[in-house]
Amino acid sequence: MSSRPSLFLVPLLLLLSFGLAEAAENATESESRLRQTATYLASDALEGRGVGTSGLDQAADYIADQFKQLGLRTDLFHGTPFQEFEIPLPAEMGPAEHNQLALVAGTRRVELKLGESFNPLAIGGSGQVNAPLVFAGYGISAKNLKRGDQPFSYDDYAGLDARGKVVIILRKEPRPTDTKGPFGGKQPTEHAFFGRKVSNAIEHGAAAVIFVNDARELASRSEENSKQLKTALDKLAELKDKLAAASPTDDNFKKLANSVDEAAEEAAAVSKAIASGGDVMLSFREAKDTGSGRKIPVFFCQRATIDEMLELSDAKDLATLEKEIDADLAPRSVELKGWRAEGQAETIEKKAKVKNVVAVLDGEGPLADETIVIGAHYDHLGRGGEGSLAPWTTEIHNGADDNASGTATLLEVAHRLATSSQKPRRRIVFIAFTGEERGLYGSAYYCRQPRFPLEKTIAMLNLDMVGRMNDDKLAVYGTGTAKEFDPLVERLCKEQDFKLTKHEGGYGPSDHSSFYAKKIPVLHLFTGTHSDYHRPSDDTERLNIAGMRRVADLLVDIVRATDAIDTRPTYVEIRRVESLAGPTEGDRPSFGSMPAYPNPVKDGVLLEAVLEGTPADKAGIKGGDVLVKFGDSKITVLEDFEGALRQYKPGDKVKVTVRRGQDLIEADVTLARRRAMP
């Protein structure tokens, strides 16, 4: 039998070879487009696409131009593809003359020096200060603690009238080394955090807050500074030896001399910190929570200055007060008679104009008025700052995987669908979101101001971090949000040889969550976290471009399969929030709401959605209500709600007040146990 093909098979083999060649050519072209887009978006020229940078605007223009070249409709917002809105930037400190603080008793006046003995903190607001001083320990009010097996409560404000006063508060919590105590020792509870302490002070009527380092912070800083000094001195000695061995005519001599000077300055700075006993002041933004909406001024003050005032007022010093609190876990709060704080703080809250980039591929036929949204966020962290996992550096965080990869894949999917002879039956809306890294701002804004009705949006498909595929592994979130999704994803991933991990829920840390809160089925594609996440090392050369092309292949198939069915996907409520970190469970209670993030209202927290069958739902609370009080806690900002909820445990009944329109509605809510994820 001959090994040569028959004449009948020759045309078939030629056809197959042409088909394979065409597929290979298409894959090569696809990967070229993906690489070009990701490389541009993750280039240094775009400054990490941080909010407020020109690089973010350049990225938006690039995406818009790509949409336009594909022939997509982009005249959606005043003739442009840009849905513009504002988001807050980190607050800035006002000029020195608007940030002053003095401690006053009769004719004695202690002027504090900005940057040396006090700093205002961005966690607070602007305002004048002229009020009596009180010491409120750790600033904690905690009702639901345990001491051994027994219930235990602790309240620094018990018996202390803080109304209209300036409250001095220690950092952290009592008994910092007691791991079996009511506060957890080295693993702090929610009561240790600045935001909770400020909210608690506001609830007790405080006019302002002054934070001061606790003894644990002093000890920790001193130990850290001692290690840093040894390192700095060793480095200085090594450089001096190199300099001594170098010839003054050597080209490297001047550089070495400069390095010696820099090392000497570093050692001197650490020596100065050691001399302060570890009493290092926080800078303006170090307490985080900038632009939170809190109104009272918040300061950070040098411990020695507060101790001096306590001595002059015949009160015990901070070290003694801390030891006494630790001894019996009883507050030592006290009014500092005769002493006042005078001054002011100015926290300047700024906003940046940003834009979602939106384009449309119109559908044809009777279902053309229904919408499928495909999205990816294009912003990143700029030069780091809040959100960076390398906070010590100001290097550009290029965000190649997060999320130049998703944006590039979004454009590739748009290219495939726009250039195909197969026209969609439904409208396909492509959205490149901004502000995701700061809290889903772009997708939340679109869902509040949709260009096309959400009630006719049948699905949202999201791409976030799809550039690091390893060993064919792909995670798909939201497979349970429509009854049709699970078998569809299972089948397509099997056909394309993905090692699939499925997550049913539709709530999670990316833009799909905003749509699921509006009862729209969602899918979110994700190739996994890695050590470069939110660091300057997330660069283009580490991307798996072929993997991105395969994700685009899959998403195109998902879009076409979803578009092909006559009925819209059947929405399913999943009552949990999916995490990228894996399964979690604990004793934290569940309320059952999805707070709006970012929170668009003042003096309360908008509940974007209330999950069916949850404690909030059973108590009659509805999506769109504004939470204003939770138990005894007044709710002004989202951090207030989070802190108040953590004071309770599953099974507790709590009285909740919400604002619905012009009405205030009270409800008793029995909190449930937070469900574990599969």
# chains A, B, ... in the order shown; residues from 1 in each chain; ligands from 1

$ residues_around --residues "Glu437 of chain A" --least-positions-apart "4" --cutoff "8 Å" --atoms "only C-alpha atoms" --output "MDAnalysis selection string"
chainID A and resid 379:381 387

$ write_last_selection --atoms "C-alpha atoms" --output "PDB file, in the first residue's frame"
ATOM      1  CA  ASP A 379      -6.133  52.891  35.309  1.00  0.00           C
ATOM      2  CA  HIS A 380      -3.347  51.828  37.681  1.00  0.00           C
ATOM      3  CA  LEU A 381      -1.351  53.256  40.613  1.00  0.00           C
ATOM      4  CA  GLY A 387      -2.632  50.635  47.212  1.00  0.00           C
TER       5      GLY A 387
END

$ residues_around --residues "Thr74 of chain A" --least-positions-apart "5" --cutoff "8 Å" --atoms "only C-alpha atoms" --output "list of chain:residue names"
A:Ala64, A:Phe67, A:Lys68, A:Gly79, A:Thr80, A:Pro81, A:Val358, A:Ala359, A:Val360

$ closest_residue --among "A:Gly631, A:His530, A:Val572, A:Asn470" --to "Gly506 of chain A" --atoms "only C-alpha atoms"
A:Val572

$ select_by_dssp --residues "segment 545-631 of chain A" --states "strand (DSSP E)" --output "compact mmCIF listing (two decimals) with C-alpha atoms, in the first residue's frame"
# COMPACT_ATOMS: atom_id res chain seq x y z
CA PRO A 589 -21.18 38.86 61.42
CA SER A 590 -23.07 39.32 58.19
CA SER A 593 -25.90 44.61 52.16
CA MET A 594 -23.62 45.82 49.39
CA PRO A 595 -22.57 49.35 50.37
CA VAL A 605 -23.76 55.12 53.64
CA LEU A 606 -25.79 54.26 50.55
CA LEU A 607 -26.71 50.58 50.42
CA GLU A 608 -26.36 49.78 46.74
CA ALA A 609 -28.05 46.43 47.16
CA VAL A 610 -29.52 44.24 49.90
CA VAL A 626 -29.01 55.23 53.32
CA LEU A 627 -27.66 53.77 56.57
CA VAL A 628 -27.31 56.53 59.19
CA LYS A 629 -27.12 54.64 62.50
CA PHE A 630 -26.00 51.15 63.48

$ closest_residue --among "A:Leu410, A:His78, A:Ala263, A:Asp178" --to "Ala327 of chain A" --atoms "only C-alpha atoms"
A:Asp178

$ atom_distance --atom1 "atom CA of Leu70 of chain A" --atom2 "atom CA of Val413 of chain A"
11.1 Å

$ residues_around --residues "Gly124 of chain A" --least-positions-apart "3" --cutoff "7 Å" --atoms "only C-alpha atoms" --output "MDAnalysis selection string"
chainID A and resid 121 294:298

$ write_last_selection --atoms "C-alpha atoms" --output "mmCIF file, in the first residue's frame"
data_model
loop_
_atom_site.group_PDB
_atom_site.id
_atom_site.type_symbol
_atom_site.label_atom_id
_atom_site.label_comp_id
_atom_site.auth_asym_id
_atom_site.auth_seq_id
_atom_site.Cartn_x
_atom_site.Cartn_y
_atom_site.Cartn_z
ATOM 1 C CA LEU A 121 -3.687 64.342 59.633
ATOM 2 C CA ARG A 294 -14.925 63.504 58.320
ATOM 3 C CA LYS A 295 -15.262 67.080 59.458
ATOM 4 C CA ILE A 296 -13.353 67.532 62.732
ATOM 5 C CA PRO A 297 -9.634 68.425 62.774
ATOM 6 C CA VAL A 298 -7.291 65.564 63.653
#

$ select_by_dssp --residues "segment 462-609 of chain A" --states "alpha helix (DSSP H)" --output "MDAnalysis selection string"
chainID A and resid 485:495 512:516 545:564

$ residues_around --residues "segment 649-660 of chain A" --least-positions-apart "5" --cutoff "9 Å" --atoms "only C-alpha atoms" --output "list of chain:residue names"
A:Asn144, A:Asp587, A:Arg588, A:Pro589, A:Ser590, A:Gly604, A:Ile621, A:Lys622, A:Gly624, A:Asp625, A:Val626, A:Leu627, A:Val628, A:Lys629, A:Phe630, A:Gly631, A:Asp632, A:Ile665, A:Glu666, A:Ala667, A:Asp668, A:Val669, A:Thr670, A:Leu671, A:Ala672, A:Arg673, A:Arg674

$ residues_around --residues "Val260 of chain A" --least-positions-apart "6" --cutoff "8 Å" --atoms "only C-alpha atoms" --output "PyMOL selection string"
chain A and resi 236+239-240

$ closest_residue --among "A:Gly528, A:Gly159, A:Gly139, A:Pro569" --to "Glu335 of chain A" --atoms "only C-alpha atoms"
A:Gly159

$ closest_residue --among "A:Val334, A:Ala561, A:Ile396, A:Ala644" --to "Gly55 of chain A" --atoms "only C-alpha atoms"
A:Ile396

$ closest_residue --among "A:Ala244, A:Pro95, A:Phe300, A:His191" --to "Glu116 of chain A" --atoms "only C-alpha atoms"
A:Phe300

$ closest_residue --among "A:Leu89, A:Val51, A:Ala136, A:Leu411" --to "Ile210 of chain A" --atoms "only C-alpha atoms"
A:Ala136

$ decode --residues "segment 225-277 of chain A" --atoms "C-alpha atoms" --output "mmCIF file, in the first residue's frame"
data_model
loop_
_atom_site.group_PDB
_atom_site.id
_atom_site.type_symbol
_atom_site.label_atom_id
_atom_site.label_comp_id
_atom_site.auth_asym_id
_atom_site.auth_seq_id
_atom_site.Cartn_x
_atom_site.Cartn_y
_atom_site.Cartn_z
ATOM 1 C CA ASN A 225 16.043 52.425 64.413
ATOM 2 C CA SER A 226 18.853 50.559 66.173
ATOM 3 C CA LYS A 227 18.968 48.011 63.354
ATOM 4 C CA GLN A 228 18.888 50.770 60.748
ATOM 5 C CA LEU A 229 21.726 52.633 62.468
ATOM 6 C CA LYS A 230 23.958 49.552 62.454
ATOM 7 C CA THR A 231 23.243 49.029 58.759
ATOM 8 C CA ALA A 232 23.870 52.716 57.989
ATOM 9 C CA LEU A 233 27.161 52.802 59.926
ATOM 10 C CA ASP A 234 28.394 49.595 58.269
ATOM 11 C CA LYS A 235 27.570 51.064 54.874
ATOM 12 C CA LEU A 236 29.329 54.327 55.763
ATOM 13 C CA ALA A 237 32.475 52.496 56.931
ATOM 14 C CA GLU A 238 32.587 50.412 53.749
ATOM 15 C CA LEU A 239 32.257 53.487 51.542
ATOM 16 C CA LYS A 240 34.937 55.358 53.502
ATOM 17 C CA ASP A 241 37.352 52.455 53.007
ATOM 18 C CA LYS A 242 36.653 52.488 49.263
ATOM 19 C CA LEU A 243 37.155 56.241 49.144
ATOM 20 C CA ALA A 244 40.455 56.011 51.037
ATOM 21 C CA ALA A 245 41.726 53.416 48.566
ATOM 22 C CA ALA A 246 40.668 55.437 45.517
ATOM 23 C CA SER A 247 42.866 57.934 43.722
ATOM 24 C CA PRO A 248 41.599 61.552 43.570
ATOM 25 C CA THR A 249 42.187 61.395 39.821
ATOM 26 C CA ASP A 250 39.977 58.313 39.448
ATOM 27 C CA ASP A 251 36.762 58.988 37.512
ATOM 28 C CA ASN A 252 34.863 57.196 40.285
ATOM 29 C CA PHE A 253 36.316 59.303 43.109
ATOM 30 C CA LYS A 254 33.732 62.084 43.023
ATOM 31 C CA LYS A 255 30.865 59.606 42.885
ATOM 32 C CA LEU A 256 32.304 57.743 45.892
ATOM 33 C CA ALA A 257 32.709 60.998 47.810
ATOM 34 C CA ASN A 258 29.053 61.880 47.176
ATOM 35 C CA SER A 259 28.013 58.390 48.308
ATOM 36 C CA VAL A 260 29.975 58.873 51.570
ATOM 37 C CA ASP A 261 28.199 62.177 52.197
ATOM 38 C CA GLU A 262 24.806 60.608 51.542
ATOM 39 C CA ALA A 263 25.552 57.663 53.831
ATOM 40 C CA ALA A 264 26.694 60.048 56.568
ATOM 41 C CA GLU A 265 23.458 62.019 56.267
ATOM 42 C CA GLU A 266 21.441 58.798 56.466
ATOM 43 C CA ALA A 267 23.286 57.697 59.615
ATOM 44 C CA ALA A 268 22.779 61.137 61.173
ATOM 45 C CA ALA A 269 19.040 61.019 60.457
ATOM 46 C CA VAL A 270 18.726 57.588 62.087
ATOM 47 C CA SER A 271 20.773 58.792 65.073
ATOM 48 C CA LYS A 272 18.364 61.703 65.470
ATOM 49 C CA ALA A 273 15.417 59.310 65.400
ATOM 50 C CA ILE A 274 17.067 57.194 68.105
ATOM 51 C CA ALA A 275 17.609 60.289 70.219
ATOM 52 C CA SER A 276 13.863 60.928 70.071
ATOM 53 C CA GLY A 277 13.276 57.608 71.815
#
